[in-house]
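Written out below as structure tokens is the structure these notes cover.
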Amino acid sequence: MKEVEVPKDYNHENEIDWQATWQRMKLYQFNPDEERPRYIIDTPPPYPTGSIHIGHVLNWLYMDLLARWKRMQGYSVLFPQGWDCHGLPTEVKVEETQGIKKNDVPREEFRRMCIELTGENIQGMKTQMQRMGYSQDWNREYVTMTPEYKEKTQRSFLQMYHDGLIYRAVHPVNWCPRCETAIAFAEVEYQENETFLNYLEFPSSTNEPGVAIATTRPELLAACVAVVVHPDDERYQHLTGKKVQVPLFDREVEIITDQEVDPEFGTGAVMICTFGDKTDVMWVNRYNLDIIEAIDEQGTMQDVCGKYAGLTLAECKEAIVEDLDKEGFLTRKEKVDQNVGQCWRCKTPIEILVKKQWFVAVKELNAQVEEAAENMNWIPEHMKTRLLNWTGNMDWDWCISRQRIFATPIPVWYCNSCGEVLLPSEDELPIDPTQTQPSQPCKCGSTDFAGEIDVLDTWMDSSITPLVIAGWPSPEYRDLFPSSIRQQGHDIIRTWAFYTILRSLAITGDVPFKNVVVNGMVFGEDGHKMSKSRGNVIAPEEVVAEYGADALRLWAANSVPGSDVPFAWKDVQHGYKFLRKFWNAFRFVNMHLAGYHEESADDEKSADNIKSALKPLDQWILSGLNQLVGEVTQAMEEYNFAHARNRIQAYVWHDFCDDYIEAVKYRLYTEDEGESKQAALYTLNTVIKTSLKLLAPFTPHFTEEIHYYLEGYGSEENDLEENDLKYGTQGFRSIHQETWPEVAEDLLDPVADEIGSIGVEVISQLRRFKASRKMPLNTPLKAATIYSSSPEVYNQLVTLQEDIKGTMRIEKLMITEGKPDVREIVVEVTPRMDKIGPEFKGQAPVIVKYLQSSDPQEIASTLEEEGYLDIEGSRITSDHITTTKELVGRTGEKVELILMEELGLVTELVI
Ligand SMILES: [Zn+2]
Ligand SMILES: [Zn+2]
């Protein structure tokens, strides 16, 4: 091995140089022509907000760990990166920054502004991802707003339309009055809040008594189309089929019955409005009731609301309640909790409007989606239940049309003469039907068309990612489909996961992926969701600047899929310290490895020689290393990243750095280049190299840097500097091109494990002893005898004799069975002047002189036997003195005892 100047301190700023080097080496480029087994990651395409947050750090770390680990295991890994561009937040941002409303400029112009902003945002996020050391193949980047991607989204639309799985219909839809668009059920979020339940009198049209109903939505009174009661409710049976007046509005509605009414709620009678909620929709369909459209797209009251027309929903509610009260219709108000559906993007309460919209026929495919989900491997398993709960409750189809601009256009025209729907052919795609006309006339002969101005839900773009990364629709896509793994957050199971499975089944007949890894969320240090208002947001770049990407990665790796994780500075700092500890250990080992010839260990005969020369602690650390390899590999297979990381860290930090290196130093600092030193060097070299490989997916930069020096790339004669790169690439083989270690079964050794742990325990006891006496660790000890009460431990200790002796610098070490023969003697007698002075007055000096000049042990013996001591007539007892005692061994020398009860050992030391 060549001499290399290794920097004293590890500098995490070098991470950037390694990132540039890897890019230059095209290390992560996927090659579809390779024969190796494939591992394909269906990466989430984030929304380009402009910066990644700490949740992304966690999410992408899992993918990067898997990608790096699989590459080392010999897989050809496809780790692409996409961007899910379309959607409202960008439109709003553009409106804000340009000071316009979307309809102030032509649609094309508005789109151009959105594209420009999105492009900048992607660039920023890409740089941040690269700074984290994530190993995506950037040649495989996809961007949903490009013509190439839109072509695929539109093609998938055409295919499903032709297969009868997409249709256009008038149907109640969830509507966000803030975003002014229809949204899918999956995009409705429920929020608990408090509201008033209003008790209203509906007077009878004749002279009979009316009916009292309870409602939380009096503002929809204008859209009341019936009153409904439970058929078995005795209070109302006589009213069934009768009519009542809608208060404030000069209209009559019928009283009908239905099993779904809860007689316990309110008065047991409720009004049906079009539409207060989903139940209203069901009743309207079931009883074929009229539909009264009371609100428009912005949530403003319509003309049918009479004097309330033009008010917002909230204003209308206030005014109606006031009028109801004034007119005597409102009898009571009571506070109740309610679950309000709101828009997941802007948190505005959603309304249900009746609109002509495009739908995906979810109900047709639901059973297949459930079956597919059952056959996938969900990590953690219980996330599957979330999807199945969602599919189990599905009673509306997926509304896919949106009344927005920045999105993939719906590729459809309508004939202005006969109303026929026309679609382009596949080779005309992508199209914007508002910009181009059909290539042929309508079958009625007309050439007068209106292009669809609605656009597609952005989930229509992102739900084909596994197809897009595989190269669909080119027939070869089958080679890279389905993906090996889908990684995503649990907040988008009923959207992204559900839609992708559904669309993949619809388009290909197959499942899109085999494994679904669901990551948790990251909370602030205070345990709350990170938010600007709480001031607990941690920006990844802030952490990276101070501690480096690897330390942040070590924090993120201390978690498992599915669990929410709090951010913790102290964990990042712990990771930072661990890397410095490893660096220092490496520098020390590297200094000694300069004289080590690894090549000789490669040839079989020499390897056998070295293995037979291994000492018990070598066997112990190597056995531990191979157990580590097995455990880490298994943890990775189980996606238990935290366990893998923690095991590596504990082994390297404690077993290797604290115990093993300390215990072999005496073998390295010797002139003798014999077997013992070679065995130690072989062991050190093996442990460092294997640990680096295990750690490489977790801390790619740090391990690369050590690997670089360890393999001699930093030496003078191997100067690879190239252009502006700090680290050369020519002839350089990265640690990320190495093979994942395998368990060397012949080195797993339970006997060595036991002996080693005894040795490590004895040595650390002796170290603690020295430390407690403030003795430097290299202080020689004159002699030590270790007494063992167990013959088995005695035998094991004998094999460790040299290591204990050498490590603790004991001049004479004996190991023996039995118990030490020690006794306590008094070595000093100190007169207590506070007692002797007052009691003996003039005699005191004589007494003190006697006590100080006599043998302390003899004084102690006399006192013990006689109970007193006579000094020239004065009677001295043990009350007049204090004594200092010491232990002495068989030879009479002063000794110290260290007890190790668990192992049944007593060590007798002569310092
Ligand atoms: Zn909204
Ligand atoms: Zn026509």
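Chain labels A, B, ... are given in the sequence in which chains occur in the structure tokens; within each chain residues are numbered consecutively from 1, and ligands are likewise numbered from 1 in the order shown.
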
If the limit is 7 Å from any atom of ligand 2, counting only C-alpha atoms and all ligand atoms, which residues qualify? Return them as an mmCIF file with N, CA and C atoms, in the first residue's frame.
data_model
loop_
_atom_site.group_PDB
_atom_site.id
_atom_site.type_symbol
_atom_site.label_atom_id
_atom_site.label_comp_id
_atom_site.auth_asym_id
_atom_site.auth_seq_id
_atom_site.Cartn_x
_atom_site.Cartn_y
_atom_site.Cartn_z
ATOM 1 N N CYS A 415 -69.069 19.029 -31.795
ATOM 2 C CA CYS A 415 -69.610 19.583 -33.030
ATOM 3 C C CYS A 415 -70.688 20.606 -32.675
ATOM 4 N N ASN A 416 -70.531 21.796 -33.215
ATOM 5 C CA ASN A 416 -71.494 22.848 -32.897
ATOM 6 C C ASN A 416 -72.845 22.649 -33.572
ATOM 7 N N SER A 417 -72.885 21.777 -34.606
ATOM 8 C CA SER A 417 -74.173 21.551 -35.275
ATOM 9 C C SER A 417 -74.963 20.432 -34.626
ATOM 10 N N CYS A 418 -74.283 19.263 -34.433
ATOM 11 C CA CYS A 418 -75.055 18.110 -33.948
ATOM 12 C C CYS A 418 -74.683 17.696 -32.530
ATOM 13 N N GLY A 419 -73.651 18.316 -31.935
ATOM 14 C CA GLY A 419 -73.293 17.994 -30.559
ATOM 15 C C GLY A 419 -72.391 16.780 -30.416
ATOM 16 N N GLU A 420 -72.042 16.140 -31.532
ATOM 17 C CA GLU A 420 -71.178 14.958 -31.510
ATOM 18 C C GLU A 420 -69.830 15.252 -30.827
ATOM 19 N N CYS A 442 -67.143 16.706 -39.102
ATOM 20 C CA CYS A 442 -68.024 15.849 -38.302
ATOM 21 C C CYS A 442 -68.809 14.941 -39.242
ATOM 22 N N LYS A 443 -69.335 13.844 -38.705
ATOM 23 C CA LYS A 443 -70.101 12.957 -39.590
ATOM 24 C C LYS A 443 -71.398 13.604 -40.089
ATOM 25 N N CYS A 444 -71.817 14.708 -39.433
ATOM 26 C CA CYS A 444 -72.971 15.454 -39.940
ATOM 27 C C CYS A 444 -72.559 16.422 -41.045
ATOM 28 N N GLY A 445 -71.213 16.469 -41.313
ATOM 29 C CA GLY A 445 -70.727 17.327 -42.384
ATOM 30 C C GLY A 445 -70.231 18.668 -41.913
ATOM 31 N N SER A 446 -70.520 19.008 -40.669
ATOM 32 C CA SER A 446 -70.125 20.317 -40.170
ATOM 33 C C SER A 446 -68.620 20.377 -39.890
#

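Considering only C-alpha atoms and all ligand atoms, the residues that reside within 10 Å of ligand 1 can be listed as Leu88, Pro89, Trp175, Cys176, Pro177, Arg178, Cys179, Glu180, Thr181, Ala182, Ile183, Glu187, Val188, Gln342, Cys343, Trp344, Arg345, Cys346, Lys347, Thr348, Pro349 and Ile350 of chain A.
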
_Could you check the closest approach to Gly873 (chain A) for each of A:Cys316, A:Gly630, A:Tyr576, A:Gln843 and tell me which residue wins, using only C-alpha atoms?_
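For Gly873 (chain A), the nearest of the candidates is A:Gln843.
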
*Near region 275-292 of chain A, counting only C-alpha atoms, which residues have an atom at most 8 Å away, once you skip same-chain residues fewer than 3 positions from it, shown as JSON, numbers by chain?*
{"A": [172, 217, 220, 222, 223, 224, 225, 226, 272, 304, 351, 352, 353]}

Could you save the residues just selected, with all heavy atoms, as a CSV table (one decimal), in the first residue's frame?
chain,number,residue,atom,x,y,z
A,172,PRO,N,-73.6,15.5,-9.8
A,172,PRO,CA,-73.1,16.4,-8.8
A,172,PRO,C,-71.7,16.2,-8.6
A,172,PRO,O,-71.2,15.0,-8.6
A,172,PRO,CB,-73.9,15.9,-7.5
A,172,PRO,CG,-75.1,15.1,-8.1
A,172,PRO,CD,-74.6,14.5,-9.4
A,217,ARG,N,-77.5,23.9,7.8
A,217,ARG,CA,-77.2,24.7,6.6
A,217,ARG,C,-78.5,25.4,6.1
A,217,ARG,O,-79.0,25.3,5.0
A,217,ARG,CB,-76.7,23.7,5.4
A,217,ARG,CG,-75.5,23.0,5.8
A,217,ARG,CD,-74.6,22.8,4.6
A,217,ARG,NE,-74.2,24.0,4.0
A,217,ARG,CZ,-73.5,24.1,2.8
A,217,ARG,NH1,-73.2,23.0,2.2
A,217,ARG,NH2,-73.2,25.2,2.3
A,220,LEU,N,-79.1,27.0,2.6
A,220,LEU,CA,-79.6,26.3,1.4
A,220,LEU,C,-81.1,26.1,1.3
A,220,LEU,O,-81.6,25.4,0.5
A,220,LEU,CB,-78.9,24.9,1.4
A,220,LEU,CG,-77.4,25.0,1.1
A,220,LEU,CD1,-76.8,23.5,1.2
A,220,LEU,CD2,-77.0,25.6,-0.2
A,222,ALA,N,-83.3,27.8,0.1
A,222,ALA,CA,-83.9,28.1,-1.2
A,222,ALA,C,-83.8,26.8,-2.1
A,222,ALA,O,-84.6,26.7,-3.1
A,222,ALA,CB,-83.1,29.2,-1.9
A,223,ALA,N,-82.9,25.9,-1.8
A,223,ALA,CA,-82.8,24.7,-2.6
A,223,ALA,C,-83.4,23.5,-1.9
A,223,ALA,O,-83.1,22.4,-2.3
A,223,ALA,CB,-81.3,24.5,-2.8
A,224,CYS,N,-84.3,23.7,-1.0
A,224,CYS,CA,-84.9,22.6,-0.3
A,224,CYS,C,-86.0,22.0,-1.2
A,224,CYS,O,-86.8,22.7,-1.8
A,224,CYS,CB,-85.6,23.1,1.0
A,224,CYS,SG,-86.6,21.9,1.8
A,225,VAL,N,-85.9,20.7,-1.4
A,225,VAL,CA,-86.8,20.0,-2.4
A,225,VAL,C,-87.7,19.0,-1.7
A,225,VAL,O,-88.6,18.5,-2.4
A,225,VAL,CB,-86.0,19.3,-3.5
A,225,VAL,CG1,-85.4,20.4,-4.4
A,225,VAL,CG2,-84.9,18.4,-3.0
A,226,ALA,N,-87.4,18.6,-0.5
A,226,ALA,CA,-88.3,17.7,0.3
A,226,ALA,C,-87.9,17.7,1.7
A,226,ALA,O,-86.9,18.2,2.1
A,226,ALA,CB,-88.2,16.3,-0.3
A,272,ILE,N,-84.1,18.0,2.6
A,272,ILE,CA,-83.2,17.6,1.5
A,272,ILE,C,-83.0,18.9,0.6
A,272,ILE,O,-83.9,19.5,0.2
A,272,ILE,CB,-83.8,16.5,0.6
A,272,ILE,CG1,-84.1,15.3,1.5
A,272,ILE,CG2,-82.9,16.2,-0.5
A,272,ILE,CD1,-84.8,14.2,0.7
A,304,VAL,N,-82.5,32.3,-7.7
A,304,VAL,CA,-83.6,31.5,-7.0
A,304,VAL,C,-83.6,31.8,-5.5
A,304,VAL,O,-84.6,31.5,-4.8
A,304,VAL,CB,-83.4,30.0,-7.2
A,304,VAL,CG1,-83.7,29.5,-8.6
A,304,VAL,CG2,-82.1,29.5,-6.7
A,351,GLU,N,-68.5,22.6,-1.9
A,351,GLU,CA,-69.9,22.6,-2.1
A,351,GLU,C,-70.2,21.5,-3.1
A,351,GLU,O,-69.2,21.0,-3.7
A,351,GLU,CB,-70.4,23.9,-2.7
A,351,GLU,CG,-70.3,25.1,-1.7
A,351,GLU,CD,-71.1,24.9,-0.4
A,351,GLU,OE1,-72.1,24.2,-0.5
A,351,GLU,OE2,-70.7,25.5,0.6
A,352,ILE,N,-71.4,21.1,-3.2
A,352,ILE,CA,-71.7,20.1,-4.2
A,352,ILE,C,-72.6,20.8,-5.3
A,352,ILE,O,-73.6,21.3,-5.0
A,352,ILE,CB,-72.5,18.9,-3.6
A,352,ILE,CG1,-71.5,18.2,-2.6
A,352,ILE,CG2,-72.9,17.9,-4.7
A,352,ILE,CD1,-72.2,17.0,-1.9
A,353,LEU,N,-72.1,20.8,-6.5
A,353,LEU,CA,-72.8,21.5,-7.6
A,353,LEU,C,-73.0,20.4,-8.6
A,353,LEU,O,-72.4,19.4,-8.7
A,353,LEU,CB,-71.9,22.6,-8.2
A,353,LEU,CG,-71.5,23.7,-7.3
A,353,LEU,CD1,-70.8,24.8,-8.2
A,353,LEU,CD2,-72.7,24.3,-6.6

*asked:* Counting only C-alpha atoms, which residue out of A:Phe523, A:Arg168, A:His162, A:Pro37 sits closest to Leu423 (chain A)?
replied: A:His162

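CA of Gln437 (chain A) is found 29.6 Å from CA of Pro475 (chain A).
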
*Which residue, A:Ile464, A:Met72, A:Leu27, A:Ile485, has the smallest gap to Asp137 (chain A) when you use only C-alpha atoms?*
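Closest residue, counting only C-alpha atoms: A:Leu27.
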
*Out of region 325-405 of chain A, which residues get helix (DSSP H, G or I) from DSSP, as a PyMOL selection string?*
chain A and resi 325-327+362-374+383-392
